[in-house]
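Below is one structure, written out as structure tokens; comments come after it.
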Amino acid sequence: MPLVAISLVSAGAIGYEILLMRLYSIGQWHHFAYMIISIALLGFGASGTFLALARAWLLDRFLKAWQANAVIFGVTAAFGYALARNFIVNPFELAWDPARGILLLWTYLVLMVPFFCAANCVGLAFMRFGDQVGRVYRYDLVGAGLGAAGVIGVLFLLPPSAALKLLIALGFAAAGIAELGSGHSRRRGHALLAALSGLLVAWLIPGSTFAPRLSEYKGLSTALNAPGAEVIHESSSPLGRLTVVRSPRVPFRHAPGLSLNAPAAVPEQLGLFTDADAMTAITRFDGDPRSVAYLDFTVQALPYHLLENPSVLVLGAGGGAEVLLARAHGAGRVEVAEPNPGVIALLQGRFAGFSGKVYDPARTTVYLTDARGALAFAGSGYDLIRLPLGAAAAGGFGALQATYGATVEAFVGYLGRLGRGGLLAVSVPIEVPPRAPLKLFATAIAALERMEAARPGRRLVLLRGFNTAILLVKRGDFTAAEIATARRFARERAFDLAYAPGLARAEANRFNVLDAPYLYDGAVALLGPGRAAFMADYKFDLRPASDDRPYFFDFLKWRALPELLALSRQGAMPLIAWGHLILLATLVQALVLSALLILAPLAVWHRRRGAPARGRARVAAYFLALGLAFLFVEIAFIQRLTLFLGHPLYAVAVVLAAFLVFAGLGAGLSPRLAARLPEDPAARGRVSALEAAVAAIAVIALFYLAVLTPVTAFLITLPLEAKLPLALAAIAPLAFCMGMPFPLALARVSREAPALVPWAWGINGCASVVSAVLATLLAIEFGFTVVVGLAVALYVLAALVWRGRL
């Protein structure tokens, strides 16, 4: 059998994994990526158990079994998603009907099948070509690496639903190529027929068959419920699916922070959605500033009343409202950062006339990067840097979103780019009880203290409307005249100054009246000596986000969860971080399914064969630690490289490809290391091959914790084409060493207790299934440094467990 068939299946499996992440980003939320990784590993783990139990039967029918699995992989990859997309997890229903969690179970089982079949193809090849393990492994890893890179290129040409159809052709083609090894001309015809059949099936299936089904809680779903609303443009790339909606009968009135007393009307708008959510508006502009006069009655206009003809940097330009606001107030220089080139292309192309050429290159400098990346490209001496932080994702999933633009390190960077007396203006939505504005205030205080500002309170002004707050952070103290201007601005527009130097408590709750001036009280407490006690006692987590824990919209305190759940039937559902609960439910189901599909069959098999119990506990402990540690490091690198590469999908593709390829190379060279070093260090008083590998992992991982952040910050200005190979090179040494402990230990098990080999596979697979989700939960709560530290500790523990004889 030509081994290139294995490469095709491996490429398809990794491509399927990345396509699922994109499809769930559109239909649900991108945080389901961690669930997809867990599902893939469950399929691979269950395959190992299946192959161990049915080894003899499958080898007798090797070619037919291999081809069947390849074809089933292609078919179920496409049609399995078509079925699973109907299992939309409604987080709010879980409060009164926990049985709805069965949808997660069905999602796991349906989406697992293609990974199971792909793993069967690779595992069967290992069993059949035992004397060519190196070659099989090489074709497997090369295929997986090419699949991870290739699917990104495909997504620039096709939407993910159309790309999914290609997997059908890939499965049939792999089955056909496998036939070529027979040498019979008739079978060559069968191979060609199989490949053509796959292409024909993929071509005939309508693209709508695999289109994502949107959650009713996504913004696009809500917008299209309006009478007369219609989609007038849709485009797709790896960075997101862009959808433009026109709603003539129920017009868009997207004006966050607009005063209820605004005398000017909002012009015609189009809704622009990224991945069916994160809406921004494209506003009709005819060139006359009076047509957008409503913008002066938003909280975002305050900094323009404190500055004259400012130079402005907008971080996250979206549909262009912030640029219109700057132009209407006489901004001298306007620069914007927008991570999605598709947005800029729309507003410089099809919708340029509608938007008044808001991104005309002659008047506006555009940086195609996110907020943090803009710091590397932009200049300095700005009078104003604007950072709009939109509302967290519906259903509480914003808590799982890494927001590197709103960390303490980011704020220090922004303030460093301001000229003397310049302003950083950050807007956030308001909730009751308040969360985002107070966390924003705490983040600004931490940044100012890091910059050694003596009195941070003199550099802060917080203004609120009825649904949006804006925080001004000045490079220098606010003057009495500026505070008087802010008071007048708020009074004329019926806004409330929630905090300003010298502001009295009675002034903070006049127009948009709350039960108490919560923001003022919170701001004063955060500036006072009782800050730590206030944050500890507050019902929600107000700890400033950092690059190590970049979850700005994570407000959950686990100790408050029982109280919130008890109040859920009384209207407290919006206060619950449902993203955490979905992850927790996913973790529980991963544990249950891995136990049922991996461990239980192996236990029965061991009992029937009368396999010895000696060494089983040690094998279980070692491979459990290994499975957890490997994915802990992998998940941490995905998040770390998201900031460097600018998008989660790039980070996922690079990390998966790099760890597959270089860990495979390490595994392939591990026998050479074992030949040079003793297996039992206790007997000879020397370091074993396993201990040498673990020591290298610990040193490299800890070194990366110390240097990776400053190094990536220095290199972030490079183009993506340069950053991708640098990211691969950074991962390579660590992944290479991490590929050794598993084969080194498995080789020993196969010699000393061969009956425990399936047990080792099963335990490792079970740990891998749960570790992706567990690592995410730990990172949200404690940060990536803790996750990597735990991984290193697990590797060391595994090495200690493995000392001595089985």
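Each chain in the structure tokens gets a letter, A, B, ..., in the order shown, and its residues are numbered from 1; ligands are numbered from 1 in order too.
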Open item on the list: Can you pull out the residues contacting Phe354 (chain A)? Cut-off 7 Å, using only C-alpha atoms, and skip same-chain residues under 2 positions away; I want them as an MDAnalysis selection string.
Closed with: chainID A and resid 284:285 351:352 356
TODO: Any chance you could list, as a ChimeraX atom specification, the residues in region 295-510 of chain A that come up alpha helix (DSSP H) when DSSP is run on the backbone?
DONE: /A:302-306,321-328,341-348,371-377,408-416,436-450,480-492
Task: Point-to-point distance in Å for CA of Ala264 (chain A) and CA of Leu295 (chain A) - done: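 Computing the Euclidean distance for CA of Leu295 (chain A) and CA of Ala264 (chain A) yields 8.7 Å.
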Open item on the list: So that I can check the surroundings of region 649-666 of chain A, please list as number ranges by chain every protein, DNA and RNA residue that reaches within 7 Å of it, counting only C-alpha atoms and ignoring chain neighbours fewer than 5 positions away.
Closed with: A: 141-142, 144-145, 148-149, 634, 637-638, 641-642, 728, 731-732, 735-740
Open item on the list: One number please: CA of Asn86 (chain A) to CA of Pro238 (chain A), in Å, one decimal.
Closed with: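 Computing the Euclidean distance for CA of Asn86 (chain A) and CA of Pro238 (chain A) yields 23.2 Å.
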- [ ] Mind checking which residues fall within 10 Å of Gly765 (chain A), counting only C-alpha atoms, ignoring those fewer than 4 positions away in the same chain, and posting them as a PyMOL selection string?
- [x] chain A and resi 41-49+594-595+598-599+623-624+626-628+759-761+769-771
Write the residues of the selection above to a file with N, CA, C and O atoms, as a short mmCIF file (atom, residue, chain, number, x, y, z; two decimals), in the first residue's frame.
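Generated output (selection26.cif):
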```cif
data_model
loop_
_atom_site.label_atom_id
_atom_site.label_comp_id
_atom_site.auth_asym_id
_atom_site.auth_seq_id
_atom_site.Cartn_x
_atom_site.Cartn_y
_atom_site.Cartn_z
N LEU A 41 -9.02 13.92 20.35
CA LEU A 41 -8.22 13.01 21.17
C LEU A 41 -9.04 11.83 21.67
O LEU A 41 -8.52 10.72 21.82
N LEU A 42 -10.33 12.06 21.92
CA LEU A 42 -11.20 10.95 22.31
C LEU A 42 -11.29 9.93 21.18
O LEU A 42 -11.22 8.71 21.41
N GLY A 43 -11.42 10.42 19.95
CA GLY A 43 -11.46 9.50 18.81
C GLY A 43 -10.19 8.70 18.67
O GLY A 43 -10.22 7.49 18.42
N PHE A 44 -9.05 9.35 18.86
CA PHE A 44 -7.78 8.65 18.75
C PHE A 44 -7.59 7.65 19.89
O PHE A 44 -7.08 6.55 19.69
N GLY A 45 -8.02 8.05 21.09
CA GLY A 45 -7.90 7.14 22.23
C GLY A 45 -8.79 5.92 22.08
O GLY A 45 -8.37 4.79 22.34
N ALA A 46 -10.05 6.14 21.64
CA ALA A 46 -10.96 5.02 21.44
C ALA A 46 -10.45 4.10 20.34
O ALA A 46 -10.63 2.87 20.40
N SER A 47 -9.79 4.67 19.33
CA SER A 47 -9.23 3.85 18.26
C SER A 47 -8.15 2.91 18.80
O SER A 47 -8.08 1.74 18.41
N GLY A 48 -7.30 3.43 19.69
CA GLY A 48 -6.25 2.58 20.26
C GLY A 48 -6.82 1.38 20.97
O GLY A 48 -6.32 0.25 20.85
N THR A 49 -7.89 1.61 21.73
CA THR A 49 -8.54 0.50 22.43
C THR A 49 -9.15 -0.48 21.43
O THR A 49 -9.01 -1.70 21.56
N SER A 594 -14.47 9.05 27.95
CA SER A 594 -13.16 8.39 27.85
C SER A 594 -13.11 7.15 28.72
O SER A 594 -12.49 6.14 28.35
N ALA A 595 -13.78 7.20 29.88
CA ALA A 595 -13.83 6.01 30.72
C ALA A 595 -14.63 4.89 30.06
O ALA A 595 -14.22 3.72 30.08
N ILE A 598 -12.74 3.99 26.40
CA ILE A 598 -11.33 3.63 26.40
C ILE A 598 -11.00 2.68 27.55
O ILE A 598 -10.52 1.57 27.34
N LEU A 599 -11.26 3.13 28.77
CA LEU A 599 -10.81 2.36 29.93
C LEU A 599 -11.66 1.12 30.19
O LEU A 599 -11.11 0.05 30.48
N PHE A 623 1.48 7.30 32.54
CA PHE A 623 0.86 7.74 31.29
C PHE A 623 -0.28 8.73 31.53
O PHE A 623 -0.61 9.53 30.63
N LEU A 624 -0.87 8.72 32.71
CA LEU A 624 -1.85 9.75 33.06
C LEU A 624 -1.15 11.11 33.16
O LEU A 624 -1.62 12.11 32.60
N LEU A 626 1.64 11.99 31.81
CA LEU A 626 2.15 12.37 30.50
C LEU A 626 1.04 12.97 29.62
O LEU A 626 1.25 13.99 28.96
N GLY A 627 -0.11 12.32 29.62
CA GLY A 627 -1.22 12.81 28.81
C GLY A 627 -1.69 14.20 29.23
O GLY A 627 -1.98 15.06 28.39
N LEU A 628 -1.75 14.44 30.54
CA LEU A 628 -2.14 15.75 31.04
C LEU A 628 -1.09 16.80 30.69
O LEU A 628 -1.41 17.89 30.20
N TRP A 759 -3.22 -0.91 27.93
CA TRP A 759 -3.57 -0.14 29.12
C TRP A 759 -2.86 1.22 29.12
O TRP A 759 -3.47 2.25 29.43
N ALA A 760 -1.59 1.22 28.74
CA ALA A 760 -0.85 2.47 28.66
C ALA A 760 -1.45 3.41 27.61
O ALA A 760 -1.63 4.61 27.85
N TRP A 761 -1.76 2.86 26.44
CA TRP A 761 -2.41 3.66 25.39
C TRP A 761 -3.72 4.25 25.89
O TRP A 761 -4.02 5.42 25.67
N VAL A 769 -7.81 13.43 26.52
CA VAL A 769 -9.16 13.90 26.24
C VAL A 769 -9.57 15.00 27.21
O VAL A 769 -10.13 16.02 26.82
N VAL A 770 -9.28 14.81 28.49
CA VAL A 770 -9.75 15.77 29.49
C VAL A 770 -8.79 16.95 29.64
O VAL A 770 -9.20 18.03 30.12
N SER A 771 -7.54 16.78 29.24
CA SER A 771 -6.55 17.81 29.55
C SER A 771 -6.76 19.10 28.78
O SER A 771 -6.46 20.19 29.29
#
```
- [ ] Any chance you could list, as a VMD selection string, the residues in region 333-569 of chain A that come up strand (DSSP E) when DSSP is run on the backbone?
- [x] chain A and resid 333 to 337 364 to 367 382 to 388 418 to 429 460 to 464 468 to 474 496 to 499
Open item on the list: Rounded to one decimal, what separation in Å do you get between CA of Leu734 (chain A) and CA of Ile700 (chain A)?
Closed with: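 Computing the Euclidean distance for CA of Leu734 (chain A) and CA of Ile700 (chain A) yields 6.2 Å.
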- [ ] Quick one: everything within 9 Å of region 407-410 of chain A, counting only C-alpha atoms, minus sequence neighbours fewer than 2 positions away in the same chain. Send it as JSON, numbers by chain.
- [x] {"A": [371, 372, 375, 403, 404, 405, 412, 413, 414, 415, 443, 444, 445, 446, 447, 450, 544, 545, 546, 547, 549, 550, 551, 552]}
Go ahead and save the residues from that selection, with N, CA and C atoms, as a PDB file, in the first residue's frame.
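Below is the file that was written, again.pdb:
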```pdb
ATOM      1  N   ALA A 371      -5.095  45.412  18.358  1.00  0.00           N
ATOM      2  CA  ALA A 371      -4.719  46.547  19.196  1.00  0.00           C
ATOM      3  C   ALA A 371      -3.270  46.461  19.647  1.00  0.00           C
ATOM      4  N   ARG A 372      -2.830  45.286  20.082  1.00  0.00           N
ATOM      5  CA  ARG A 372      -1.456  45.145  20.559  1.00  0.00           C
ATOM      6  C   ARG A 372      -0.448  45.236  19.419  1.00  0.00           C
ATOM      7  N   LEU A 375       0.752  48.766  18.367  1.00  0.00           N
ATOM      8  CA  LEU A 375       1.814  49.443  19.112  1.00  0.00           C
ATOM      9  C   LEU A 375       3.165  49.270  18.432  1.00  0.00           C
ATOM     10  N   THR A 403      -8.486  38.643  25.727  1.00  0.00           N
ATOM     11  CA  THR A 403      -8.522  40.025  25.246  1.00  0.00           C
ATOM     12  C   THR A 403      -7.183  40.666  25.576  1.00  0.00           C
ATOM     13  N   TYR A 404      -6.203  40.443  24.712  1.00  0.00           N
ATOM     14  CA  TYR A 404      -4.861  40.957  24.978  1.00  0.00           C
ATOM     15  C   TYR A 404      -4.794  42.477  24.872  1.00  0.00           C
ATOM     16  N   GLY A 405      -5.778  43.080  24.247  1.00  0.00           N
ATOM     17  CA  GLY A 405      -5.786  44.535  24.145  1.00  0.00           C
ATOM     18  C   GLY A 405      -6.227  45.227  25.407  1.00  0.00           C
ATOM     19  N   VAL A 412      -0.040  49.881  29.709  1.00  0.00           N
ATOM     20  CA  VAL A 412       1.275  50.511  29.846  1.00  0.00           C
ATOM     21  C   VAL A 412       1.819  50.887  28.470  1.00  0.00           C
ATOM     22  N   GLY A 413       1.642  50.009  27.491  1.00  0.00           N
ATOM     23  CA  GLY A 413       2.088  50.300  26.134  1.00  0.00           C
ATOM     24  C   GLY A 413       1.353  51.474  25.519  1.00  0.00           C
ATOM     25  N   TYR A 414       0.028  51.527  25.702  1.00  0.00           N
ATOM     26  CA  TYR A 414      -0.746  52.639  25.147  1.00  0.00           C
ATOM     27  C   TYR A 414      -0.311  53.968  25.762  1.00  0.00           C
ATOM     28  N   LEU A 415      -0.191  54.003  27.086  1.00  0.00           N
ATOM     29  CA  LEU A 415       0.175  55.250  27.764  1.00  0.00           C
ATOM     30  C   LEU A 415       1.563  55.704  27.352  1.00  0.00           C
ATOM     31  N   THR A 443      -7.687  48.002  36.185  1.00  0.00           N
ATOM     32  CA  THR A 443      -6.599  47.772  35.225  1.00  0.00           C
ATOM     33  C   THR A 443      -5.802  49.044  34.989  1.00  0.00           C
ATOM     34  N   ALA A 444      -6.514  50.178  34.861  1.00  0.00           N
ATOM     35  CA  ALA A 444      -5.833  51.449  34.651  1.00  0.00           C
ATOM     36  C   ALA A 444      -4.980  51.825  35.864  1.00  0.00           C
ATOM     37  N   ILE A 445      -5.505  51.592  37.065  1.00  0.00           N
ATOM     38  CA  ILE A 445      -4.728  51.892  38.277  1.00  0.00           C
ATOM     39  C   ILE A 445      -3.452  51.053  38.302  1.00  0.00           C
ATOM     40  N   ALA A 446      -3.582  49.753  37.981  1.00  0.00           N
ATOM     41  CA  ALA A 446      -2.413  48.874  37.984  1.00  0.00           C
ATOM     42  C   ALA A 446      -1.377  49.332  36.963  1.00  0.00           C
ATOM     43  N   ALA A 447      -1.837  49.784  35.786  1.00  0.00           N
ATOM     44  CA  ALA A 447      -0.904  50.258  34.764  1.00  0.00           C
ATOM     45  C   ALA A 447      -0.197  51.532  35.218  1.00  0.00           C
ATOM     46  N   ARG A 450       2.341  50.715  37.779  1.00  0.00           N
ATOM     47  CA  ARG A 450       3.519  50.102  37.170  1.00  0.00           C
ATOM     48  C   ARG A 450       4.414  51.163  36.533  1.00  0.00           C
ATOM     49  N   PRO A 544      -7.306  42.801  37.620  1.00  0.00           N
ATOM     50  CA  PRO A 544      -6.924  43.269  36.280  1.00  0.00           C
ATOM     51  C   PRO A 544      -6.426  42.111  35.414  1.00  0.00           C
ATOM     52  N   ALA A 545      -6.785  42.159  34.141  1.00  0.00           N
ATOM     53  CA  ALA A 545      -6.282  41.158  33.199  1.00  0.00           C
ATOM     54  C   ALA A 545      -4.803  41.405  32.936  1.00  0.00           C
ATOM     55  N   SER A 546      -4.086  40.337  32.641  1.00  0.00           N
ATOM     56  CA  SER A 546      -2.661  40.433  32.321  1.00  0.00           C
ATOM     57  C   SER A 546      -2.389  39.565  31.101  1.00  0.00           C
ATOM     58  N   ASP A 547      -1.209  39.705  30.531  1.00  0.00           N
ATOM     59  CA  ASP A 547      -0.856  38.864  29.380  1.00  0.00           C
ATOM     60  C   ASP A 547      -0.813  37.394  29.769  1.00  0.00           C
ATOM     61  N   ARG A 549      -2.880  36.105  32.017  1.00  0.00           N
ATOM     62  CA  ARG A 549      -4.288  35.750  32.268  1.00  0.00           C
ATOM     63  C   ARG A 549      -5.155  36.806  31.576  1.00  0.00           C
ATOM     64  N   PRO A 550      -5.273  36.732  30.243  1.00  0.00           N
ATOM     65  CA  PRO A 550      -5.830  37.837  29.460  1.00  0.00           C
ATOM     66  C   PRO A 550      -7.349  37.799  29.281  1.00  0.00           C
ATOM     67  N   TYR A 551      -8.063  37.431  30.333  1.00  0.00           N
ATOM     68  CA  TYR A 551      -9.516  37.252  30.224  1.00  0.00           C
ATOM     69  C   TYR A 551     -10.225  38.419  30.898  1.00  0.00           C
ATOM     70  N   PHE A 552     -10.298  39.543  30.171  1.00  0.00           N
ATOM     71  CA  PHE A 552     -10.865  40.758  30.749  1.00  0.00           C
ATOM     72  C   PHE A 552     -12.321  40.559  31.166  1.00  0.00           C
TER      73      PHE A 552
END
```
Open item on the list: Ranking A:Ala119, A:Cys766, A:Val292, A:Leu104 by minimum distance to Ala620 (chain A) and counting only C-alpha atoms, which one comes first?
Closed with: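 Going through A:Ala119, A:Cys766, A:Val292, A:Leu104 one by one, the smallest distance to Ala620 (chain A) is for A:Cys766.
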Open item on the list: Report as a list in words all protein, DNA and RNA residues lying within 10 Å of Phe273 (chain A), evaluated on only C-alpha atoms, omitting residues in the same chain fewer than 2 positions from it.
Closed with: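 Residues meeting the cut-off are Lys218, Gly219, Leu220, Ala223, Glu234, Gly240, Arg241, Leu242, Thr243, Val244, Val245, Leu270, Gly271, Asp275, Ala276, Asp277, Ala278, Met279, Thr280, Ala281, Gly318, Gly319 and Val343 of chain A.
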